[in-house]
Amino acid sequence: MVCACGKEVVDPKKEKLKELLLQYQGQKGALIPVLQGAQEIYGYLPKEVMEEISRTLKIPFSKVYGVATFYAQFHLKPRGRNVIRACLGTACHVRGGAKVFETLKNELGIGDGETTPDLRFTLESVACIGACGLAPVIMVNDDTYGRLTPDKVKEILAKYE
Amino acid sequence: MRKVLICAGTGCISSGSPKVTEKFQEELSKRGITDIEVYNTGCHGFCEQGPIVIIEPDKTFYCRVEVDDVPEIIEKHLLGGQIVEKVLFHEPQVDKKVEKYTDISFYAKQQRLVLHNCGHINPERIEDYVANGGYEALRKVLTSMSPQEVVDEIKKSGLRGRGGGGFPTGLKWQFTKDAKGDKKYVVCNADEGDPGAFMDRSVLEGDPHAVLEGMAICGYAVGADEGYIYVRAEYPLAIRRLQIAIKQAEEKGYLGENIFGSGFNFRIKIKAGAGAFVCGEETALLTSIEGNRGMPRPRPPFPAVKGLWGKPTNINNVETFANVPLIIKNGADWYASMGTEGSKGTKIFALTGKVNNTGLVEVPMGITMRQIIFDIGGGIKGGKKFKAVQIGGPSGGCLPEELLDLPVDYDSLIKAGAMMGSGGLVVMDETTCMVDVAKFFLNFTQKESCGKCVPCREGTKRMLEILEKITEGKGEPEDLEILEKLAYNIKNSSLCGLGQTAPNPVLSTLRYFRHEYESHIYDKKCPAGVCSALLEYKILEDKCVGCGACARVCPVGAISGERKQPHKIDPEKCIKCGSCMEKCKFGAIVKG
Ligand SMILES: Cc1cc2nc3c(=O)[nH]c(=O)nc-3n(C[C@H](O)[C@H](O)[C@H](O)COP(=O)(O)O)c2cc1C
Ligand code: SF4
Ligand code: SF4
Ligand code: SF4
Ligand code: FES
Ligand code: FES
């Protein structure tokens, strides 16, 4: 990248990716942790990043792509600043998880797996986050909210910008 | 010294325990009190009542503690020696407040062996684990037992795998020990994908060293010097606690080189999963650690012979490993004295759904379902009627009331058409529709099918379509037969356990709740009032006061009526959202 003054500027994300790749280069079974690390840096997995990973780790691009699409954790499109995971696991299902999920969809105006146009929220359904005792449960980023009812949804969403 | 133990498991953290901890520290230091120790523990298994605060040595159990309760607990209890009534647990069965955790019926009838440390020690402090006898078992095997003696001890204990299949653990260890190879691995399966089970999570978060110790003992027995723990990505706290535990164990010399001066080396690494249920299957899990798409492969060869990177690998579940130090410390005979003929020791169940007390319960094998649900779980929520209990998650089945007195062990459950699985117990009451439950599970397995083999990939799709048809009121009489036929075909011809067990929830509900399927098909009715396509909302004329509240919430304008006159729902317009029924204060709206 070159800026107006003509000097090379470093892209901090690219630097981090380089470091990450260096750390894992030559290690067995590195692809998944590298993809996880790269997604942490970029928020998702842009094509160029996967290409870079493929080149550096000397893994065919088709395999990188195959792995990235197999696991639910990886995303090939930009995601919202806040990720909501609504649990639809068994315990949450029998305690009204679907109603909470419907309310989320209505409030945000998006469906499962979608992102709001302002990139504020991504909504996805998951099957159990291991807090079943508090069913129904949602997670926003790393925060867990339990014992939910549809009317609490608005208040929770307001906490995230 | 008085101690204040504040739960910092995932459940209690989400209910606000970090703020409670801070407040305790702040209030105590404000008062200059230094002889009361405050620390965080892992999960008590009673997360619904969180945040949980325990005062030791009094054994006082405070629940749903809020920040504002803290000064009162300090003044009244810690300084004044009096119990703070309002944050005591209220026992639903006897309608009484209970003071000590040992007297709460949820705990009183459990036998917490694997969970004995959870909720009582600080999982981020190895000293706590060691003070409670931790790493003694590892010392014992390394200094006084041969690898074969360890394998024999586990065999004699009768321990069977807690990850679902119930394979005898000692025998598995023997296979890996006998396998030829200079490099071997131990793998801990912490993928815990069953939606509704969270015991592995609690053990990892509340007592991580027990798992590390179990793995190291296994490594010594089978001849491995390297271990992997494969943890679901959805469990960030478990991963963090494990990282801390591994680091501390290495510093203390319980992991690493030349442990206890015995010449035995053992290191453990963590691998975070990436969100695929099928990766809980052992061969898929190993493929995933190797960095590939996590698809199962045919067995044999079993991992014990050809596992991770082609080397002999012993893979066990979290709870299985956590049992190992107990067996070594207390002896195989002690362990085998608990349980039934074919299933020894205890099992942790995740009791959830429509019961009064939800949480983790550890009970001896062979206890009846009735004891778990009614004595420990406190019965059905809201005084409703019990209908079924689902055990074993997506591979398991639903058991009806007639089987409540069945002693629970691996073999009895299989006979009843269910499965121990990971030990998820979801209680369902009369408002649960069994066809909907079967559809729910099939939808889950269908989505998680890796797609490698046709019966699982396509067959579950066909089954799901039929179930959808039935719940929409379009079911035909021959559908049940087709469902059964498909189910057996998929069971018999799928490659891995996912496909082989996916039809179980359908088969078990067909076996015990066939009449519910028939009501959907013949009468076009959902007896539990769940399947919305088969419901009709009606306003009872004699109860309706004509307040108009329902008409205002109806999103499609299906309700009309004059003020103070009975209202009416237009069935043509109604989308069966249920909002009006929730809104009506006079109970004038019914569905059916
Ligand atoms: C689809 C599928 C999912 C599984 N998920 C898990 C799991 O989440 N945790 C687990 O310990 N075992 C799981 N298993 C069982 C493992 O394949 C394996 O039997 C187990 O880890 C062996 O450990 P154990 O003998 O200690 O039970 C699963 C099996 C299948 C077929
Ligand atoms: S049974 Fe299902 S999950 Fe298992 S290998 Fe076949 S398609 Fe994949
Ligand atoms: S809310 Fe109830 S009482 Fe009021 S108009 Fe509607 S049905 Fe009648
Ligand atoms: S169920 Fe929903 S759509 Fe039907 S009448 Fe009531 S509020 Fe309107
Ligand atoms: S089922 Fe929702 S947290 Fe487990
Ligand atoms: S997290 Fe506190 S009791 Fe489970």
# chains A, B, ... in the order shown; residues from 1 in each chain; ligands from 1

$ select_by_dssp --residues "chain A" --states "strand (DSSP E or B)" --output "ChimeraX atom specification"
/A:2,8,82-87,115,121-126,138-140,143-145

$ write_last_selection --atoms "C-alpha atoms" --output "PDB file, in the first residue's frame"
ATOM      1  CA  VAL A   2       1.217   3.500  -0.791  1.00  0.00           C
ATOM      2  CA  GLU A   8       5.205   2.505   1.936  1.00  0.00           C
ATOM      3  CA  ASN A  82     -21.664  -7.784  16.913  1.00  0.00           C
ATOM      4  CA  VAL A  83     -22.522 -11.405  16.399  1.00  0.00           C
ATOM      5  CA  ILE A  84     -25.669 -12.744  17.981  1.00  0.00           C
ATOM      6  CA  ARG A  85     -25.907 -16.474  18.425  1.00  0.00           C
ATOM      7  CA  ALA A  86     -29.408 -17.542  19.326  1.00  0.00           C
ATOM      8  CA  CYS A  87     -29.592 -21.004  20.785  1.00  0.00           C
ATOM      9  CA  THR A 115     -26.097  -9.260   8.613  1.00  0.00           C
ATOM     10  CA  PHE A 121     -25.395  -7.163  13.882  1.00  0.00           C
ATOM     11  CA  THR A 122     -25.048 -10.616  12.422  1.00  0.00           C
ATOM     12  CA  LEU A 123     -27.679 -13.078  13.531  1.00  0.00           C
ATOM     13  CA  GLU A 124     -27.199 -16.805  13.550  1.00  0.00           C
ATOM     14  CA  SER A 125     -28.888 -19.750  15.157  1.00  0.00           C
ATOM     15  CA  VAL A 126     -26.782 -22.315  16.982  1.00  0.00           C
ATOM     16  CA  ILE A 138     -28.487 -16.127  23.396  1.00  0.00           C
ATOM     17  CA  MET A 139     -24.890 -15.038  23.094  1.00  0.00           C
ATOM     18  CA  VAL A 140     -23.873 -11.607  21.865  1.00  0.00           C
ATOM     19  CA  ASP A 143     -21.611 -12.391  26.557  1.00  0.00           C
ATOM     20  CA  THR A 144     -24.242 -14.946  27.447  1.00  0.00           C
ATOM     21  CA  TYR A 145     -27.819 -13.943  28.266  1.00  0.00           C
TER      22      TYR A 145
END

$ interface_residues --of "chain A" --to "chain B" --cutoff "9 Å" --atoms "only C-alpha atoms" --output "mmCIF file with N, CA, C and O atoms, in the first residue's frame"
data_model
loop_
_atom_site.group_PDB
_atom_site.id
_atom_site.type_symbol
_atom_site.label_atom_id
_atom_site.label_comp_id
_atom_site.auth_asym_id
_atom_site.auth_seq_id
_atom_site.Cartn_x
_atom_site.Cartn_y
_atom_site.Cartn_z
ATOM 1 N N LYS A 28 2.411 -29.416 11.783
ATOM 2 C CA LYS A 28 1.369 -30.333 11.315
ATOM 3 C C LYS A 28 0.001 -29.795 11.726
ATOM 4 O O LYS A 28 -0.156 -29.242 12.798
ATOM 5 N N GLY A 29 -0.988 -29.989 10.868
ATOM 6 C CA GLY A 29 -2.369 -29.632 11.226
ATOM 7 C C GLY A 29 -2.561 -28.156 11.471
ATOM 8 O O GLY A 29 -3.364 -27.743 12.294
ATOM 9 N N ALA A 30 -1.810 -27.311 10.736
ATOM 10 C CA ALA A 30 -1.840 -25.880 11.016
ATOM 11 C C ALA A 30 -3.033 -25.168 10.395
ATOM 12 O O ALA A 30 -3.421 -24.088 10.847
ATOM 13 N N LEU A 31 -3.633 -25.760 9.352
ATOM 14 C CA LEU A 31 -4.608 -25.000 8.564
ATOM 15 C C LEU A 31 -5.759 -24.430 9.395
ATOM 16 O O LEU A 31 -6.080 -23.242 9.278
ATOM 17 N N ILE A 32 -6.371 -25.253 10.240
ATOM 18 C CA ILE A 32 -7.545 -24.762 10.968
ATOM 19 C C ILE A 32 -7.181 -23.652 11.963
ATOM 20 O O ILE A 32 -7.794 -22.593 11.952
ATOM 21 N N PRO A 33 -6.144 -23.856 12.803
ATOM 22 C CA PRO A 33 -5.769 -22.732 13.677
ATOM 23 C C PRO A 33 -5.392 -21.475 12.906
ATOM 24 O O PRO A 33 -5.682 -20.356 13.359
ATOM 25 N N GLN A 36 -8.541 -19.851 11.829
ATOM 26 C CA GLN A 36 -9.173 -19.235 12.996
ATOM 27 C C GLN A 36 -8.498 -17.921 13.349
ATOM 28 O O GLN A 36 -9.153 -16.920 13.606
ATOM 29 N N LYS A 63 -8.079 -26.903 -1.146
ATOM 30 C CA LYS A 63 -8.209 -27.498 0.187
ATOM 31 C C LYS A 63 -8.514 -26.429 1.237
ATOM 32 O O LYS A 63 -9.344 -26.630 2.119
ATOM 33 N N VAL A 64 -7.845 -25.289 1.100
ATOM 34 C CA VAL A 64 -8.110 -24.201 2.042
ATOM 35 C C VAL A 64 -9.593 -23.834 1.972
ATOM 36 O O VAL A 64 -10.283 -23.705 2.987
ATOM 37 N N GLY A 66 -12.026 -25.672 0.809
ATOM 38 C CA GLY A 66 -12.833 -26.807 1.263
ATOM 39 C C GLY A 66 -12.988 -26.824 2.769
ATOM 40 O O GLY A 66 -14.075 -27.038 3.301
ATOM 41 N N VAL A 67 -11.892 -26.590 3.466
ATOM 42 C CA VAL A 67 -11.940 -26.593 4.925
ATOM 43 C C VAL A 67 -12.748 -25.392 5.420
ATOM 44 O O VAL A 67 -13.595 -25.503 6.305
ATOM 45 N N ALA A 68 -12.514 -24.237 4.808
ATOM 46 C CA ALA A 68 -13.206 -23.026 5.258
ATOM 47 C C ALA A 68 -14.718 -23.144 5.077
ATOM 48 O O ALA A 68 -15.487 -22.564 5.836
ATOM 49 N N THR A 69 -15.149 -23.902 4.078
ATOM 50 C CA THR A 69 -16.590 -24.018 3.856
ATOM 51 C C THR A 69 -17.205 -25.185 4.630
ATOM 52 O O THR A 69 -18.418 -25.263 4.769
ATOM 53 N N PHE A 70 -16.372 -26.075 5.133
ATOM 54 C CA PHE A 70 -16.921 -27.235 5.852
ATOM 55 C C PHE A 70 -17.398 -26.842 7.248
ATOM 56 O O PHE A 70 -18.431 -27.293 7.718
ATOM 57 N N TYR A 71 -16.632 -25.984 7.907
ATOM 58 C CA TYR A 71 -16.919 -25.667 9.302
ATOM 59 C C TYR A 71 -17.783 -24.421 9.433
ATOM 60 O O TYR A 71 -17.542 -23.410 8.784
ATOM 61 N N ALA A 72 -18.768 -24.541 10.329
ATOM 62 C CA ALA A 72 -19.721 -23.448 10.512
ATOM 63 C C ALA A 72 -19.052 -22.184 11.034
ATOM 64 O O ALA A 72 -19.549 -21.082 10.855
ATOM 65 N N GLN A 73 -17.896 -22.343 11.679
ATOM 66 C CA GLN A 73 -17.253 -21.189 12.305
ATOM 67 C C GLN A 73 -16.684 -20.196 11.289
ATOM 68 O O GLN A 73 -16.524 -19.023 11.592
ATOM 69 N N PHE A 74 -16.368 -20.679 10.095
ATOM 70 C CA PHE A 74 -15.702 -19.801 9.130
ATOM 71 C C PHE A 74 -16.697 -19.058 8.242
ATOM 72 O O PHE A 74 -17.698 -19.616 7.811
ATOM 73 N N LEU A 88 -30.906 -22.589 19.569
ATOM 74 C CA LEU A 88 -32.110 -23.360 19.263
ATOM 75 C C LEU A 88 -31.870 -24.832 19.607
ATOM 76 O O LEU A 88 -32.435 -25.719 18.989
ATOM 77 N N GLY A 89 -30.990 -25.073 20.568
ATOM 78 C CA GLY A 89 -30.739 -26.445 21.026
ATOM 79 C C GLY A 89 -31.951 -26.997 21.761
ATOM 80 O O GLY A 89 -32.936 -26.286 21.976
ATOM 81 N N THR A 90 -31.856 -28.261 22.156
ATOM 82 C CA THR A 90 -33.024 -28.940 22.710
ATOM 83 C C THR A 90 -33.611 -28.230 23.923
ATOM 84 O O THR A 90 -34.809 -27.977 23.994
ATOM 85 N N ALA A 91 -32.734 -27.923 24.876
ATOM 86 C CA ALA A 91 -33.227 -27.321 26.112
ATOM 87 C C ALA A 91 -33.873 -25.977 25.821
ATOM 88 O O ALA A 91 -34.912 -25.628 26.380
ATOM 89 N N CYS A 92 -33.266 -25.217 24.917
ATOM 90 C CA CYS A 92 -33.824 -23.918 24.575
ATOM 91 C C CYS A 92 -35.087 -24.066 23.733
ATOM 92 O O CYS A 92 -36.025 -23.288 23.856
ATOM 93 N N HIS A 93 -35.107 -25.082 22.891
ATOM 94 C CA HIS A 93 -36.280 -25.326 22.051
ATOM 95 C C HIS A 93 -37.522 -25.553 22.898
ATOM 96 O O HIS A 93 -38.564 -24.938 22.666
ATOM 97 N N VAL A 94 -37.404 -26.427 23.908
ATOM 98 C CA VAL A 94 -38.598 -26.719 24.697
ATOM 99 C C VAL A 94 -38.945 -25.590 25.669
ATOM 100 O O VAL A 94 -39.997 -25.598 26.267
ATOM 101 N N ARG A 95 -38.054 -24.627 25.799
ATOM 102 C CA ARG A 95 -38.379 -23.504 26.674
ATOM 103 C C ARG A 95 -38.574 -22.197 25.897
ATOM 104 O O ARG A 95 -38.328 -21.107 26.411
ATOM 105 N N ALA A 127 -26.918 -24.562 17.850
ATOM 106 C CA ALA A 127 -27.528 -25.628 18.621
ATOM 107 C C ALA A 127 -26.724 -25.836 19.876
ATOM 108 O O ALA A 127 -25.729 -26.522 19.876
ATOM 109 N N CYS A 128 -27.112 -25.199 20.928
ATOM 110 C CA CYS A 128 -26.529 -25.356 22.262
ATOM 111 C C CYS A 128 -25.192 -24.663 22.445
ATOM 112 O O CYS A 128 -24.228 -24.924 21.756
ATOM 113 N N ILE A 129 -25.170 -23.783 23.413
ATOM 114 C CA ILE A 129 -23.918 -23.157 23.790
ATOM 115 C C ILE A 129 -23.527 -23.582 25.208
ATOM 116 O O ILE A 129 -22.711 -22.960 25.847
ATOM 117 N N GLY A 130 -24.143 -24.650 25.683
ATOM 118 C CA GLY A 130 -23.733 -25.219 26.961
ATOM 119 C C GLY A 130 -24.175 -24.431 28.179
ATOM 120 O O GLY A 130 -23.609 -24.574 29.243
ATOM 121 N N ALA A 131 -25.183 -23.609 28.024
ATOM 122 C CA ALA A 131 -25.727 -22.897 29.178
ATOM 123 C C ALA A 131 -27.195 -23.274 29.331
ATOM 124 O O ALA A 131 -28.034 -22.461 29.695
ATOM 125 N N CYS A 132 -27.478 -24.548 29.069
ATOM 126 C CA CYS A 132 -28.858 -25.037 28.978
ATOM 127 C C CYS A 132 -29.653 -24.794 30.250
ATOM 128 O O CYS A 132 -30.878 -24.704 30.205
ATOM 129 N N GLY A 133 -28.958 -24.727 31.386
ATOM 130 C CA GLY A 133 -29.656 -24.497 32.644
ATOM 131 C C GLY A 133 -30.374 -23.162 32.649
ATOM 132 O O GLY A 133 -31.284 -22.934 33.430
ATOM 133 N N LEU A 134 -29.946 -22.271 31.770
ATOM 134 C CA LEU A 134 -30.526 -20.933 31.725
ATOM 135 C C LEU A 134 -31.431 -20.752 30.511
ATOM 136 O O LEU A 134 -31.757 -19.643 30.141
ATOM 137 N N ALA A 135 -31.807 -21.848 29.885
ATOM 138 C CA ALA A 135 -32.572 -21.772 28.640
ATOM 139 C C ALA A 135 -33.841 -20.942 28.797
ATOM 140 O O ALA A 135 -34.436 -20.963 29.868
ATOM 141 N N ASP A 142 -19.097 -12.394 23.207
ATOM 142 C CA ASP A 142 -18.779 -13.403 24.218
ATOM 143 C C ASP A 142 -19.692 -13.351 25.438
ATOM 144 O O ASP A 142 -19.484 -14.057 26.411
ATOM 145 N N ASP A 143 -20.714 -12.504 25.397
ATOM 146 C CA ASP A 143 -21.611 -12.391 26.557
ATOM 147 C C ASP A 143 -22.805 -13.320 26.401
ATOM 148 O O ASP A 143 -23.437 -13.359 25.356
ATOM 149 N N THR A 144 -23.102 -14.033 27.475
ATOM 150 C CA THR A 144 -24.242 -14.946 27.447
ATOM 151 C C THR A 144 -25.420 -14.319 28.178
ATOM 152 O O THR A 144 -25.253 -13.754 29.257
ATOM 153 N N TYR A 145 -26.606 -14.415 27.594
ATOM 154 C CA TYR A 145 -27.819 -13.943 28.266
ATOM 155 C C TYR A 145 -28.791 -15.103 28.393
ATOM 156 O O TYR A 145 -29.146 -15.727 27.405
ATOM 157 N N GLY A 146 -29.208 -15.372 29.619
ATOM 158 C CA GLY A 146 -30.088 -16.512 29.838
ATOM 159 C C GLY A 146 -31.430 -16.133 30.415
ATOM 160 O O GLY A 146 -31.687 -14.956 30.692
ATOM 161 N N ARG A 147 -32.281 -17.157 30.638
ATOM 162 C CA ARG A 147 -33.635 -16.994 31.161
ATOM 163 C C ARG A 147 -34.374 -15.904 30.391
ATOM 164 O O ARG A 147 -34.983 -15.009 30.971
#

$ atom_distance --atom1 "CA of Met581 in chain B" --atom2 "CA of Cys526 in chain B"
17.5 Å

$ residues_around --residues "Ile246 in chain B" --least-positions-apart "4" --cutoff "8 Å" --atoms "only C-alpha atoms" --output "number ranges by chain"
B: 209, 212, 242, 250, 255, 268

$ select_by_dssp --residues "range 304-523 of chain B" --states "alpha helix (DSSP H)" --output "short mmCIF file (atom, residue, chain, number, x, y, z; two decimals) with C-alpha atoms, in the first residue's frame"
data_model
loop_
_atom_site.label_atom_id
_atom_site.label_comp_id
_atom_site.auth_asym_id
_atom_site.auth_seq_id
_atom_site.Cartn_x
_atom_site.Cartn_y
_atom_site.Cartn_z
CA VAL B 318 -13.80 -35.62 29.11
CA GLU B 319 -15.91 -37.31 31.78
CA THR B 320 -14.23 -40.66 31.11
CA PHE B 321 -10.81 -39.13 31.79
CA ALA B 322 -12.09 -37.31 34.87
CA ASN B 323 -13.11 -40.68 36.35
CA VAL B 324 -9.62 -42.12 36.03
CA PRO B 325 -7.84 -40.38 38.96
CA LEU B 326 -10.73 -41.42 41.24
CA ILE B 327 -10.39 -45.05 40.25
CA ILE B 328 -6.62 -45.08 40.73
CA LYS B 329 -6.83 -43.32 44.09
CA ASN B 330 -9.70 -45.30 45.58
CA ALA B 332 -11.12 -50.49 41.14
CA ASP B 333 -13.14 -52.46 43.70
CA TRP B 334 -14.48 -49.31 45.30
CA TYR B 335 -15.50 -48.02 41.89
CA ALA B 336 -17.07 -51.28 40.78
CA MET B 369 -35.50 -41.83 35.80
CA ARG B 370 -38.27 -41.05 38.28
CA TYR B 410 -26.13 -48.26 29.11
CA ASP B 411 -27.88 -51.51 28.35
CA SER B 412 -31.37 -50.78 29.69
CA LEU B 413 -31.56 -47.60 27.65
CA ILE B 414 -30.58 -49.32 24.41
CA LYS B 415 -33.27 -51.92 25.07
CA MET B 434 -43.69 -35.41 20.15
CA VAL B 435 -43.86 -35.13 16.38
CA ASP B 436 -42.39 -31.66 16.66
CA VAL B 437 -39.62 -33.03 18.90
CA ALA B 438 -38.79 -35.76 16.39
CA LYS B 439 -38.75 -33.14 13.66
CA PHE B 440 -36.51 -30.94 15.77
CA PHE B 441 -33.86 -33.63 16.18
CA LEU B 442 -33.99 -34.78 12.61
CA ASN B 443 -33.64 -31.23 11.43
CA PHE B 444 -30.53 -31.02 13.58
CA THR B 445 -28.89 -34.21 12.33
CA GLN B 446 -29.93 -33.46 8.77
CA LYS B 447 -28.13 -30.13 8.90
CA GLU B 448 -25.08 -31.68 10.53
CA VAL B 454 -26.10 -41.23 0.63
CA THR B 460 -32.63 -37.91 6.59
CA LYS B 461 -33.82 -35.25 4.15
CA ARG B 462 -36.70 -37.48 2.98
CA MET B 463 -37.62 -38.31 6.57
CA LEU B 464 -37.60 -34.65 7.49
CA GLU B 465 -39.86 -33.82 4.56
CA ILE B 466 -42.38 -36.39 5.72
CA LEU B 467 -42.32 -35.05 9.26
CA GLU B 468 -42.80 -31.53 7.97
CA LYS B 469 -45.75 -32.70 5.93
CA ILE B 470 -47.30 -34.33 8.98
CA THR B 471 -46.91 -31.28 11.19
CA ASP B 479 -46.36 -41.94 5.82
CA LEU B 480 -45.68 -43.74 9.08
CA GLU B 481 -44.70 -46.92 7.31
CA ILE B 482 -42.44 -45.06 4.90
CA LEU B 483 -40.82 -43.29 7.85
CA GLU B 484 -40.10 -46.56 9.58
CA LYS B 485 -38.71 -48.20 6.48
CA LEU B 486 -36.44 -45.24 5.73
CA ALA B 487 -35.33 -45.17 9.36
CA TYR B 488 -34.15 -48.77 9.34
CA ASN B 489 -32.43 -48.36 5.99
CA ILE B 490 -30.51 -45.32 7.21
CA LYS B 491 -29.57 -47.05 10.47
CA ASN B 492 -28.24 -50.07 8.66
CA SER B 493 -26.34 -48.46 5.83
CA GLY B 497 -22.67 -43.08 14.20
CA LEU B 498 -24.39 -39.88 13.16
CA GLY B 499 -26.36 -41.55 10.40
CA GLN B 500 -26.70 -44.82 12.25
CA THR B 501 -28.46 -43.15 15.15
CA ASN B 504 -33.66 -42.93 16.80
CA PRO B 505 -35.71 -39.93 17.92
CA VAL B 506 -38.27 -40.71 15.21
CA LEU B 507 -38.36 -44.42 15.93
CA SER B 508 -38.72 -43.98 19.68
CA THR B 509 -41.53 -41.45 19.35
CA LEU B 510 -43.25 -43.73 16.84
CA ARG B 511 -42.89 -46.55 19.33
CA TYR B 512 -44.25 -44.76 22.38
CA ARG B 514 -47.70 -43.21 17.78
CA HIS B 515 -51.12 -41.87 18.69
CA GLU B 516 -49.78 -38.34 18.43
CA TYR B 517 -48.61 -38.96 14.87
CA GLU B 518 -52.02 -40.46 14.13
#

$ residues_near_ligand --ligand "ligand 1" --cutoff "6 Å" --atoms "only C-alpha atoms and all ligand atoms" --output "CSV table (one decimal) with N, CA, C and O atoms, in the first residue's frame"
chain,number,residue,atom,x,y,z
B,161,GLY,N,-17.0,-45.9,28.5
B,161,GLY,CA,-16.8,-44.5,27.9
B,161,GLY,C,-18.1,-43.7,28.1
B,161,GLY,O,-19.2,-44.1,27.8
B,162,ARG,N,-17.8,-42.4,28.5
B,162,ARG,CA,-19.0,-41.5,28.8
B,162,ARG,C,-19.3,-40.7,27.6
B,162,ARG,O,-20.2,-39.8,27.7
B,163,GLY,N,-18.7,-40.9,26.5
B,163,GLY,CA,-18.9,-40.0,25.3
B,163,GLY,C,-20.1,-40.5,24.5
B,163,GLY,O,-20.5,-39.9,23.6
B,164,GLY,N,-20.7,-41.6,24.9
B,164,GLY,CA,-21.9,-42.0,24.2
B,164,GLY,C,-22.0,-43.5,24.0
B,164,GLY,O,-23.0,-44.2,24.4
B,165,GLY,N,-21.0,-44.1,23.4
B,165,GLY,CA,-21.1,-45.5,23.0
B,165,GLY,C,-21.0,-46.4,24.2
B,165,GLY,O,-21.5,-47.6,24.1
B,166,GLY,N,-20.3,-46.0,25.2
B,166,GLY,CA,-20.2,-46.9,26.4
B,166,GLY,C,-19.2,-48.0,26.2
B,166,GLY,O,-19.3,-49.1,26.8
B,167,PHE,N,-18.2,-47.8,25.4
B,167,PHE,CA,-17.2,-48.9,25.2
B,167,PHE,C,-16.3,-49.0,26.4
B,167,PHE,O,-15.9,-48.0,27.0
B,169,THR,N,-13.5,-48.9,28.8
B,169,THR,CA,-12.3,-48.0,28.7
B,169,THR,C,-11.0,-48.8,28.8
B,169,THR,O,-10.1,-48.6,28.0
B,189,ASN,N,-11.8,-36.0,23.9
B,189,ASN,CA,-12.9,-35.5,23.1
B,189,ASN,C,-13.7,-34.6,23.9
B,189,ASN,O,-14.5,-35.0,24.8
B,190,ALA,N,-13.6,-33.3,23.7
B,190,ALA,CA,-14.3,-32.3,24.4
B,190,ALA,C,-15.1,-31.5,23.4
B,190,ALA,O,-15.3,-30.3,23.5
B,191,ASP,N,-15.7,-32.2,22.4
B,191,ASP,CA,-16.4,-31.5,21.4
B,191,ASP,C,-17.9,-31.3,21.8
B,191,ASP,O,-18.6,-30.4,21.3
B,192,GLU,N,-18.4,-32.1,22.8
B,192,GLU,CA,-19.7,-31.9,23.3
B,192,GLU,C,-20.7,-31.2,22.4
B,192,GLU,O,-21.1,-30.1,22.7
B,193,GLY,N,-21.2,-32.0,21.5
B,193,GLY,CA,-22.1,-31.4,20.5
B,193,GLY,C,-23.5,-31.6,20.8
B,193,GLY,O,-24.4,-30.9,20.2
B,278,VAL,N,-20.4,-33.3,13.6
B,278,VAL,CA,-19.9,-34.6,13.2
B,278,VAL,C,-18.5,-34.8,13.7
B,278,VAL,O,-18.0,-35.9,13.9
B,280,GLY,N,-17.4,-34.6,16.6
B,280,GLY,CA,-17.4,-35.3,17.8
B,280,GLY,C,-17.2,-36.8,17.6
B,280,GLY,O,-16.8,-37.5,18.5
B,281,GLU,N,-17.5,-37.3,16.4
B,281,GLU,CA,-17.2,-38.7,16.0
B,281,GLU,C,-15.7,-38.8,16.0
B,281,GLU,O,-15.0,-38.0,15.4
B,282,GLU,N,-15.2,-39.9,16.5
B,282,GLU,CA,-13.8,-40.0,16.8
B,282,GLU,C,-12.9,-39.9,15.5
B,282,GLU,O,-11.9,-39.2,15.5
B,315,ILE,N,-8.6,-42.5,22.3
B,315,ILE,CA,-9.5,-41.3,22.4
B,315,ILE,C,-10.6,-41.6,23.4
B,315,ILE,O,-11.2,-42.6,23.3
B,316,ASN,N,-10.7,-40.7,24.3
B,316,ASN,CA,-11.8,-40.8,25.4
B,316,ASN,C,-12.4,-39.5,25.6
B,316,ASN,O,-11.9,-38.4,25.3
B,317,ASN,N,-13.6,-39.5,26.2
B,317,ASN,CA,-14.4,-38.4,26.5
B,317,ASN,C,-13.8,-37.7,27.8
B,317,ASN,O,-13.1,-38.3,28.6
B,320,THR,N,-14.9,-39.4,31.0
B,320,THR,CA,-14.2,-40.7,31.1
B,320,THR,C,-12.9,-40.4,31.8
B,320,THR,O,-12.5,-41.0,32.8
B,496,CYS,N,-21.2,-43.7,9.6
B,496,CYS,CA,-20.8,-43.4,11.0
B,496,CYS,C,-22.0,-43.3,11.9
B,496,CYS,O,-23.1,-43.4,11.5
B,497,GLY,N,-21.6,-43.1,13.2
B,497,GLY,CA,-22.7,-43.1,14.2
B,497,GLY,C,-23.7,-42.0,14.0
B,497,GLY,O,-24.9,-42.2,14.4
B,498,LEU,N,-23.4,-40.9,13.3
B,498,LEU,CA,-24.4,-39.9,13.2
B,498,LEU,C,-25.6,-40.4,12.4
B,498,LEU,O,-26.7,-40.3,12.8

$ residues_near_ligand --ligand "ligand 4" --cutoff "10 Å" --atoms "only C-alpha atoms and all ligand atoms" --output "VMD selection string"
chain B and resid 532 535 to 539 549 to 560 568 to 584 589 to 591

$ residues_around --residues "Pro123 in chain B" --least-positions-apart "5" --cutoff "8 Å" --atoms "only C-alpha atoms" --output "list of chain:residue names"
B:Thr41, B:Gly42, B:Asp128, B:Tyr129, B:Glu205, B:Gly206, B:Asp207, B:Pro208, B:His209, B:Arg241, B:Ala245
